[in-house]
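The data block below is protein36.tsv; it holds TSV, C-alpha atoms.
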```tsv
chain	number	residue	atom	x	y	z
A	635	GLN	CA	116.23	104.64	84.12
A	636	VAL	CA	115.31	108.34	84.26
A	637	VAL	CA	115.97	110.46	81.17
A	638	ASP	CA	115.43	114.09	80.12
A	639	THR	CA	115.91	115.34	83.67
A	640	ASP	CA	115.39	119.00	84.42
A	641	THR	CA	114.63	121.31	87.33
A	642	SER	CA	112.50	124.39	87.84
A	643	ILE	CA	115.64	126.39	88.68
A	644	PRO	CA	116.74	128.44	85.63
A	645	GLU	CA	120.29	128.06	84.38
A	646	ASP	CA	122.92	130.61	85.34
A	647	THR	CA	122.91	133.47	82.84
A	648	GLU	CA	124.42	136.93	82.56
A	649	THR	CA	122.67	140.23	82.00
A	650	ILE	CA	124.48	143.03	80.21
A	651	GLN	CA	123.57	146.37	81.71
A	652	LEU	CA	124.32	149.68	79.98
A	653	VAL	CA	124.62	152.67	82.29
A	654	ILE	CA	124.47	155.96	80.38
A	655	ASP	CA	126.84	158.71	81.53
A	656	PRO	CA	124.76	161.94	81.33
A	657	ALA	CA	127.83	164.21	81.34
A	658	ARG	CA	129.63	162.48	78.48
A	659	SER	CA	126.48	162.10	76.39
A	660	SER	CA	125.68	165.80	76.90
A	661	ARG	CA	129.18	166.87	75.84
A	662	SER	CA	128.83	164.67	72.73
A	663	ARG	CA	125.46	166.32	71.93
A	664	ILE	CA	123.64	162.98	72.16
A	665	SER	CA	120.44	162.46	74.14
A	666	VAL	CA	119.34	159.36	76.01
A	667	GLU	CA	116.55	158.87	73.46
A	668	GLN	CA	119.09	158.72	70.62
A	669	ILE	CA	121.08	156.01	72.38
A	670	VAL	CA	117.95	153.96	73.10
A	671	HIS	CA	116.73	154.43	69.51
A	672	THR	CA	120.06	153.22	68.13
A	673	LEU	CA	120.08	150.11	70.33
A	674	ASN	CA	116.46	149.30	69.51
A	675	ALA	CA	117.19	149.59	65.79
A	676	ALA	CA	120.26	147.36	66.12
A	677	TYR	CA	118.70	144.59	68.20
A	678	ASP	CA	114.90	144.78	67.85
A	679	GLY	CA	114.89	146.26	64.37
A	680	HIS	CA	113.47	149.38	62.78
A	681	VAL	CA	110.59	149.07	60.29
A	682	LEU	CA	111.44	150.99	57.11
A	683	GLY	CA	108.31	150.08	55.17
A	684	PHE	CA	106.31	147.17	53.79
A	685	TYR	CA	105.56	145.47	50.49
A	686	HIS	CA	103.26	142.87	48.90
A	687	ASN	CA	104.17	139.89	46.76
A	688	GLU	CA	102.15	137.66	44.42
A	689	ASN	CA	102.14	134.64	46.74
A	690	ASN	CA	101.05	136.36	49.94
A	691	ILE	CA	98.22	138.86	50.26
A	692	GLU	CA	99.46	139.88	53.71
A	693	GLN	CA	101.92	142.74	53.81
A	694	GLU	CA	105.56	141.97	54.49
A	695	TYR	CA	107.57	144.38	56.63
A	696	ILE	CA	110.99	145.67	55.65
A	697	THR	CA	113.00	145.69	58.88
A	698	LEU	CA	116.51	147.03	59.40
A	699	ARG	CA	118.60	145.45	62.15
A	700	MET	CA	121.92	143.73	62.73
A	701	ASP	CA	122.54	140.19	61.59
A	702	ARG	CA	121.81	137.50	64.18
A	703	GLN	CA	125.45	136.50	64.62
A	704	TYR	CA	126.32	140.05	65.72
A	705	ARG	CA	123.30	140.39	67.99
A	706	LEU	CA	124.39	137.31	69.94
A	707	THR	CA	127.92	138.64	70.53
A	708	PRO	CA	128.39	141.02	73.48
A	709	ASP	CA	131.55	142.47	71.89
A	710	THR	CA	129.36	144.05	69.21
A	711	LEU	CA	128.44	146.77	71.72
A	712	ASN	CA	132.02	148.06	71.47
A	713	ARG	CA	131.61	148.61	67.71
A	714	ILE	CA	128.21	150.37	67.69
A	715	THR	CA	128.26	154.10	66.97
A	716	VAL	CA	125.66	156.80	67.56
A	717	TYR	CA	125.18	159.92	65.39
A	718	ASN	CA	124.92	163.21	67.26
A	719	ASP	CA	123.08	166.36	66.20
A	720	LEU	CA	126.00	167.38	63.96
A	721	GLY	CA	126.08	164.04	62.15
A	722	ILE	CA	129.30	162.97	63.84
A	723	LYS	CA	129.67	159.31	64.80
A	724	VAL	CA	130.39	158.70	68.47
A	725	PRO	CA	131.29	155.21	69.76
A	726	LEU	CA	128.68	153.82	72.14
A	727	LYS	CA	131.37	152.67	74.56
A	728	ASP	CA	132.33	156.34	75.09
A	729	LEU	CA	128.80	157.14	76.26
A	730	VAL	CA	127.93	154.21	78.51
A	731	THR	CA	129.47	151.91	81.08
A	732	ILE	CA	129.01	148.25	80.18
A	733	ARG	CA	128.46	145.94	83.14
A	734	ARG	CA	128.04	142.18	83.24
A	735	MET	CA	125.80	141.00	86.05
A	736	PRO	CA	124.39	137.57	86.94
A	737	THR	CA	120.70	137.34	86.16
A	738	GLU	CA	118.53	137.16	89.25
A	739	LYS	CA	116.64	133.89	89.40
A	740	PRO	CA	112.97	133.96	90.34
A	741	GLU	CA	112.14	132.12	93.54
A	742	ARG	CA	109.12	129.85	93.34
A	743	ARG	CA	107.05	129.62	96.51
A	744	GLU	CA	104.05	127.45	97.31
A	745	ASN	CA	102.25	127.43	100.64
A	746	ARG	CA	104.74	130.08	101.84
A	747	GLN	CA	107.66	127.71	101.25
A	748	THR	CA	110.47	127.83	98.71
A	749	THR	CA	109.75	125.08	96.18
A	750	VAL	CA	111.98	123.41	93.59
A	751	TYR	CA	110.58	120.94	91.06
A	752	ILE	CA	112.63	118.12	89.54
A	753	TYR	CA	111.34	116.74	86.23
A	754	GLY	CA	112.18	113.55	84.36
A	755	ASP	CA	110.78	110.84	82.11
A	756	MET	CA	111.07	107.08	82.34
A	757	ALA	CA	113.18	105.54	79.57
A	758	SER	CA	111.51	102.15	79.19
A	759	ARG	CA	109.22	101.62	82.17
A	760	SER	CA	105.80	102.78	83.26
A	761	ILE	CA	105.69	105.50	85.91
A	762	THR	CA	103.21	103.37	87.86
A	763	TYR	CA	105.65	100.55	88.54
A	764	SER	CA	108.49	102.96	89.28
A	765	ALA	CA	106.34	104.83	91.81
A	766	ILE	CA	105.46	101.56	93.54
A	767	ASP	CA	109.17	100.71	93.81
A	768	LEU	CA	109.79	104.21	95.17
A	769	LEU	CA	107.16	103.70	97.88
A	770	PHE	CA	108.93	100.53	99.04
A	771	PHE	CA	112.19	102.48	99.02
A	772	LEU	CA	110.68	105.28	101.13
A	773	ASN	CA	109.40	102.73	103.62
A	774	ASP	CA	112.97	101.54	104.30
A	775	TYR	CA	114.67	104.92	103.83
A	776	ARG	CA	116.30	106.74	106.72
A	777	LEU	CA	117.60	110.30	106.75
A	778	SER	CA	121.30	111.00	106.29
A	779	ASP	CA	121.86	111.47	110.03
A	780	GLY	CA	120.65	107.93	110.60
A	781	LYS	CA	118.46	109.04	113.49
A	782	GLY	CA	115.32	110.07	111.67
A	783	GLU	CA	112.13	108.05	111.91
A	784	LEU	CA	109.31	107.41	109.48
A	785	VAL	CA	106.19	109.24	110.65
A	786	SER	CA	103.73	108.30	107.92
A	787	LEU	CA	103.67	106.64	104.51
A	788	ASN	CA	100.87	106.70	101.97
A	789	LEU	CA	100.39	106.48	98.21
A	790	PHE	CA	101.25	110.17	97.81
A	791	GLY	CA	104.53	110.27	99.75
A	792	ALA	CA	106.10	110.04	103.19
A	793	GLU	CA	106.97	112.12	106.24
A	794	TYR	CA	110.11	111.78	108.34
A	795	ARG	CA	111.02	113.34	111.68
A	796	THR	CA	114.65	114.33	112.21
A	797	ALA	CA	116.58	114.16	115.47
A	798	ASP	CA	115.85	117.90	115.89
A	799	ASN	CA	112.10	117.17	115.72
A	800	GLU	CA	111.79	118.75	112.25
A	801	VAL	CA	109.44	117.10	109.76
A	802	VAL	CA	110.63	116.38	106.22
A	803	HIS	CA	107.89	115.91	103.61
A	804	ILE	CA	108.42	113.87	100.43
A	805	THR	CA	105.50	114.09	98.01
A	806	LEU	CA	104.84	112.03	94.89
A	807	GLY	CA	102.79	113.90	92.31
A	808	GLY	CA	102.54	114.56	88.63
A	809	GLU	CA	101.65	111.57	86.49
A	810	TRP	CA	101.55	109.26	89.54
A	811	GLU	CA	98.90	111.40	91.20
A	812	LEU	CA	96.91	111.54	87.96
A	813	THR	CA	97.20	107.75	87.62
A	814	LEU	CA	95.81	107.19	91.12
A	815	GLU	CA	92.88	109.49	90.41
A	816	VAL	CA	92.12	107.67	87.15
A	817	PHE	CA	92.27	104.23	88.78
A	818	ARG	CA	90.09	105.46	91.64
A	819	ASP	CA	87.42	106.61	89.19
A	820	LEU	CA	87.69	103.41	87.16
A	821	GLY	CA	87.44	101.35	90.34
A	822	ILE	CA	84.18	103.09	91.20
A	823	ALA	CA	82.97	102.46	87.65
A	824	MET	CA	83.85	98.76	87.96
A	825	ALA	CA	81.94	98.46	91.24
A	826	GLY	CA	78.93	100.04	89.57
A	827	ALA	CA	79.24	97.69	86.59
A	828	ILE	CA	79.34	94.60	88.83
A	829	PHE	CA	76.34	95.92	90.77
A	830	LEU	CA	74.33	96.34	87.55
A	831	VAL	CA	75.37	92.94	86.18
A	832	TYR	CA	74.17	91.29	89.39
A	833	PHE	CA	70.69	92.82	89.19
A	834	VAL	CA	70.38	91.97	85.50
A	835	LEU	CA	71.16	88.34	86.37
A	836	VAL	CA	68.70	88.42	89.27
A	837	ALA	CA	66.00	89.55	86.87
A	838	GLN	CA	66.98	86.87	84.34
A	839	PHE	CA	67.13	83.87	86.70
A	840	ALA	CA	64.62	85.07	89.33
A	841	SER	CA	67.08	84.10	92.05
A	842	PHE	CA	69.52	85.87	94.34
A	843	ARG	CA	71.91	82.94	94.77
A	844	GLU	CA	72.39	81.81	91.18
A	845	PRO	CA	73.78	85.21	90.06
A	846	LEU	CA	76.35	84.91	92.87
A	847	ILE	CA	77.48	81.58	91.41
A	848	ILE	CA	77.86	83.21	88.01
A	849	MET	CA	79.70	86.27	89.32
A	850	ALA	CA	82.10	84.14	91.36
A	851	THR	CA	83.99	83.59	88.11
A	852	ILE	CA	84.69	87.31	87.57
A	853	PRO	CA	87.83	87.37	89.78
A	854	LEU	CA	89.22	84.53	87.66
A	855	SER	CA	89.89	87.01	84.87
A	856	LEU	CA	92.38	88.87	87.07
A	857	ILE	CA	94.42	85.67	87.29
A	858	GLY	CA	95.05	86.07	83.58
A	859	VAL	CA	95.29	89.86	83.36
A	860	LEU	CA	97.94	90.60	85.98
A	861	PRO	CA	100.50	87.89	85.04
A	862	GLY	CA	99.82	88.63	81.37
A	863	PHE	CA	100.81	92.27	81.75
A	864	MET	CA	103.84	91.30	83.82
A	865	PHE	CA	105.01	89.24	80.85
A	866	LEU	CA	104.20	92.01	78.37
A	867	GLY	CA	106.05	94.52	80.52
A	868	TYR	CA	109.27	92.54	80.38
A	869	ALA	CA	108.84	91.46	76.75
A	870	THR	CA	107.49	94.58	75.02
A	871	GLY	CA	107.40	97.38	77.60
A	872	LEU	CA	103.58	97.46	77.67
A	873	TYR	CA	102.41	97.77	81.27
A	874	PHE	CA	99.03	97.77	82.99
A	875	ASN	CA	97.48	101.21	82.44
A	876	ALA	CA	94.15	103.04	82.43
A	877	THR	CA	92.91	101.42	79.20
A	878	SER	CA	93.82	98.04	80.68
A	879	MET	CA	91.56	98.86	83.62
A	880	ILE	CA	88.77	99.63	81.15
A	881	GLY	CA	89.34	96.15	79.72
A	882	VAL	CA	89.00	94.65	83.21
A	883	ILE	CA	85.68	96.48	83.61
A	884	ALA	CA	84.55	95.05	80.27
A	885	LEU	CA	85.52	91.57	81.47
A	886	ALA	CA	83.01	91.89	84.30
A	887	GLY	CA	80.29	91.64	81.67
A	888	ILE	CA	82.05	89.33	79.21
A	889	ALA	CA	83.45	86.66	81.55
A	890	VAL	CA	80.03	85.82	83.02
A	891	ASN	CA	78.74	84.63	79.64
A	892	ASN	CA	80.44	81.25	80.03
A	893	SER	CA	78.87	80.73	83.46
A	894	ILE	CA	75.46	81.71	82.09
A	895	ILE	CA	75.79	79.09	79.35
A	896	LEU	CA	76.61	76.40	81.92
A	897	LEU	CA	73.91	77.46	84.38
A	898	GLU	CA	71.12	77.52	81.81
A	899	TYR	CA	72.09	74.07	80.57
A	900	LEU	CA	72.26	72.73	84.13
A	901	ASN	CA	68.76	74.02	84.84
A	902	SER	CA	67.49	72.18	81.78
A	903	LEU	CA	69.30	68.97	82.82
A	904	LYS	CA	67.68	69.14	86.25
A	905	GLN	CA	64.34	68.32	84.65
A	906	THR	CA	65.74	65.08	83.18
A	907	GLY	CA	66.37	63.51	86.58
A	908	LEU	CA	70.17	63.31	86.33
A	909	SER	CA	72.19	63.45	89.52
A	910	LEU	CA	74.13	66.62	90.20
A	911	GLU	CA	77.50	64.99	89.49
A	912	GLU	CA	76.30	63.60	86.16
A	913	ALA	CA	74.69	66.92	85.21
A	914	LEU	CA	77.88	68.87	85.93
A	915	ILE	CA	79.95	66.49	83.79
A	916	GLU	CA	77.37	66.58	81.00
A	917	ALA	CA	77.17	70.39	81.06
A	918	GLY	CA	80.94	70.80	80.95
A	919	THR	CA	81.31	68.29	78.11
A	920	THR	CA	78.43	69.56	76.01
A	921	ARG	CA	79.04	73.28	76.45
A	922	PHE	CA	82.83	73.14	76.11
A	923	ARG	CA	82.75	73.74	72.35
A	924	PRO	CA	80.34	76.74	72.43
A	925	ILE	CA	82.38	78.29	75.24
A	926	LEU	CA	85.60	77.72	73.30
A	927	LEU	CA	84.20	79.25	70.11
A	928	THR	CA	82.80	82.37	71.81
A	929	THR	CA	86.05	82.86	73.71
A	930	VAL	CA	88.26	82.52	70.64
A	931	THR	CA	86.13	84.84	68.51
A	932	THR	CA	86.10	87.50	71.24
A	933	MET	CA	89.87	87.24	71.67
A	934	LEU	CA	90.50	87.47	67.93
A	935	GLY	CA	88.23	90.49	67.69
A	936	SER	CA	90.15	92.20	70.49
A	937	LEU	CA	93.49	91.56	68.78
A	938	THR	CA	92.46	93.85	65.93
A	939	ILE	CA	93.29	96.86	68.13
A	940	ALA	CA	96.33	95.32	69.82
A	941	ASN	CA	98.72	97.42	67.72
A	942	ASP	CA	97.06	100.70	68.65
A	943	PRO	CA	99.24	102.51	71.21
A	944	VAL	CA	96.19	103.79	73.11
A	945	TRP	CA	93.88	100.76	73.11
A	946	ALA	CA	96.46	97.97	73.22
A	947	GLY	CA	96.02	97.73	77.00
A	948	LEU	CA	92.28	97.12	76.63
A	949	ALA	CA	92.83	94.47	73.95
A	950	TYR	CA	95.39	92.47	75.92
A	951	ALA	CA	93.35	92.75	79.13
A	952	ILE	CA	90.42	91.07	77.36
A	953	VAL	CA	92.65	88.48	75.68
A	954	PHE	CA	94.49	87.40	78.83
A	955	GLY	CA	91.53	87.75	81.19
A	956	LEU	CA	88.97	85.99	79.01
A	957	GLY	CA	91.37	83.24	77.94
A	958	VAL	CA	92.28	82.24	81.49
A	959	SER	CA	88.82	82.76	82.99
A	960	SER	CA	87.19	80.58	80.31
A	961	VAL	CA	89.46	77.67	81.20
A	962	LEU	CA	89.12	78.15	84.96
A	963	THR	CA	85.34	78.60	84.72
A	964	LEU	CA	85.01	74.98	83.57
A	965	ILE	CA	86.76	73.96	86.80
A	966	VAL	CA	85.62	76.52	89.37
A	967	PHE	CA	81.97	76.89	88.33
A	968	PRO	CA	81.01	73.23	88.95
A	969	VAL	CA	82.69	73.35	92.38
A	970	VAL	CA	80.91	76.55	93.42
A	971	PHE	CA	77.59	75.30	92.03
A	972	TYR	CA	77.93	72.03	93.93
A	973	MET	CA	78.67	73.85	97.20
A	974	ILE	CA	75.76	76.30	96.92
A	975	LYS	CA	73.07	74.38	95.02
A	976	GLY	CA	73.90	70.78	95.93
A	977	ARG	CA	71.15	70.31	98.51
A	978	ASP	CA	68.54	72.10	96.41
A	979	TRP	CA	69.32	69.81	93.48
A	980	ASP	CA	68.79	66.67	95.53
A	981	ALA	CA	65.64	68.13	97.07
A	982	GLY	CA	64.27	68.97	93.65
```
What's the structure tokens form of this structure?
Amino acid sequence: QVVDTDTSIPEDTETIQLVIDPARSSRSRISVEQIVHTLNAAYDGHVLGFYHNENNIEQEYITLRMDRQYRLTPDTLNRITVYNDLGIKVPLKDLVTIRRMPTEKPERRENRQTTVYIYGDMASRSITYSAIDLLFFLNDYRLSDGKGELVSLNLFGAEYRTADNEVVHITLGGEWELTLEVFRDLGIAMAGAIFLVYFVLVAQFASFREPLIIMATIPLSLIGVLPGFMFLGYATGLYFNATSMIGVIALAGIAVNNSIILLEYLNSLKQTGLSLEEALIEAGTTRFRPILLTTVTTMLGSLTIANDPVWAGLAYAIVFGLGVSSVLTLIVFPVVFYMIKGRDWDAG
């Protein structure tokens, strides 16, 4: 639902124009300056002096002007009088012609085209999900004549060609455009984080294949993050956002800890002469409790910021992602390890 809608087109308003009659003002011995001075004093105010009080060291101005209720009423112009050189009061309406005219609206142009902006806020849904729905709508949309065709569709809008070979552009911008830019930058940051994690693991295990086994569990966190935020979106209105993406980046470094624990223990079991199947079962059984404790403590620590409106997305991303990945790691890691290192284990 869209609320607080508005457009860049100003509302229809009237302008009151006063046209001074030089002949009548001259016969009444009143100059144009006197009329302007009277109107300025009535509507803008005329400063008579200033004073100081005990509570404010700044000077306060004494201004003479009409009360607000009279300044907002156009009929007041019919009751204003102007003093001439002889001190005689002359009604303003005898000196001017009062005209009511529609106010000219400014025309906004961008790229040499007339442009109108339509504004609105989402009542209870993230702009990201609404924009995605709008893209699906644009993909199926056809112009009112029923003969137009979709020329192109991308994340920023669509182009249609009418039967007269005219091109209609529909552009998505504002917060949606900013969201795409933020996620693009965070995606680059995540790629860099995964790249650095890999080389740290290579240096730690002196192997290029074992870090790949460890990092194979990183995508498992997304299995928890995405459904988790779908549930939160329907239950509380909290959707996947930029801080949630930061949490996903953090998971790239947190989720691998469980795999590291299993891999180090497997390497130690290899020296005991156990078969690969027995070693995998032993590692999963023995390291289940340490993995569970580290996962629970990390999740509880993240929940401390779950009520913060800014960082709630990060907290829940870590909670859902780490919780699901920790469980799946105990299943997926042994399978991946067996597929990649099975022959090396038997050879060793």
At a cut-off of 9 Å, using all atoms listed in the file, what residues contact A:Thr762? Leave out same-chain residues fewer than 6 positions from it and give the result as a list in words.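 Selected residues are Glu809, Trp810, Thr813, Leu814, Tyr873, Phe874 and Asn875 of chain A.
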Saved selection, atoms kept: C-alpha atoms, as a PDB file, in the coordinates of the input:
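What ended up in again.pdb:
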```
ATOM      1  CA  GLU A 809     101.650 111.570  86.490  1.00  0.00           C
ATOM      2  CA  TRP A 810     101.550 109.260  89.540  1.00  0.00           C
ATOM      3  CA  THR A 813      97.200 107.750  87.620  1.00  0.00           C
ATOM      4  CA  LEU A 814      95.810 107.190  91.120  1.00  0.00           C
ATOM      5  CA  TYR A 873     102.410  97.770  81.270  1.00  0.00           C
ATOM      6  CA  PHE A 874      99.030  97.770  82.990  1.00  0.00           C
ATOM      7  CA  ASN A 875      97.480 101.210  82.440  1.00  0.00           C
TER       8      ASN A 875
END
```
For atom CA of A:Leu729 and atom CA of A:Ile654, determine how far apart the two atoms are, in Å to one decimal place. 6.1 Å
Separation of atom CA of A:Ile848 from atom CA of A:Trp979 in Å: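 The value is 16.8 Å.
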Close residues, stretch 708-725 of chain A itself excluded, 7 Å, only C-alpha atoms, min 4 positions apart in chain, as a short mmCIF file (atom, residue, chain, number, x, y, z; two decimals) with C-alpha atoms, in the frame of the given file:
```
data_model
loop_
_atom_site.label_atom_id
_atom_site.label_comp_id
_atom_site.auth_asym_id
_atom_site.auth_seq_id
_atom_site.Cartn_x
_atom_site.Cartn_y
_atom_site.Cartn_z
CA SER A 662 128.83 164.67 72.73
CA ARG A 663 125.46 166.32 71.93
CA ILE A 664 123.64 162.98 72.16
CA ILE A 669 121.08 156.01 72.38
CA THR A 672 120.06 153.22 68.13
CA TYR A 704 126.32 140.05 65.72
#
```
Would you please work out which residue, of A:Tyr695, A:Tyr753, A:Tyr677, A:Phe842, is nearest to A:Val637 when using all atoms listed in the file? A:Tyr753
A straight line from atom CA of A:Leu820 to atom CA of A:Val930 spans 26.6 Å
Need the neighbours of (83.3, 84.2, 70.9): which residues are at most 12 Å away, counting all atoms listed in the file, as number ranges by chain? A: 888-889, 891-892, 923-936, 952-953, 956-957, 960
One residue among A:Val801, A:Val970, A:Val730, A:Ile752 is nearest to A:Met849 when using all atoms listed in the file, and that residue is A:Val970
Mind checking which residues fall within 7 Å of stretch 696-702 of chain A, counting all atoms listed in the file, ignoring those fewer than 4 positions away in the same chain, and posting them as number ranges by chain? A: 675-684, 706
My list of candidates is A:Gly976, A:Thr641, A:Phe833, A:Met864. Which is closest to A:Ala913 when distances are computed with only C-alpha atoms?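 Of all the options, A:Gly976 lies closest to A:Ala913.
The nearest approach to A:Ala823 among the residues A:Glu783, A:Glu694, A:Lys904, A:Val882, with only C-alpha atoms taken into account, belongs to A:Val882.
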List the spatial neighbours of A:Phe829 as a list of chain:residue names - criterion: any atom at most 12 Å away, all atoms listed in the file, same-chain residues fewer than 2 positions off excluded.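 Returned residues: A:Ile822, A:Ala823, A:Met824, A:Ala825, A:Gly826, A:Ala827, A:Val831, A:Tyr832, A:Phe833, A:Val834, A:Leu835, A:Val836, A:Pro845, A:Leu846, A:Met849, A:Ile883, A:Ala886, A:Gly887.
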Please provide the set of residues having any atom within 12 Å of A:Leu768, restricted to all atoms listed in the file, with same-chain residues fewer than 6 positions apart removed, written as a list in words.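 With the cut-off at 12 Å, the set is Ile761, Thr762, Asp774, Tyr775, Leu787, Asn788, Leu789, Phe790, Gly791, Ala792, Ile804, Thr805, Leu806 and Trp810 of chain A.
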Of the candidates A:Gln651, A:Tyr950, A:Leu914, A:Pro644, which one gets nearest to A:Glu738 if we count only C-alpha atoms? A:Pro644
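With only C-alpha atoms as the atoms that count, the residue of A:Glu645, A:Glu744, A:Tyr751, A:Arg733 with the shortest distance to A:Gly807 is A:Tyr751.
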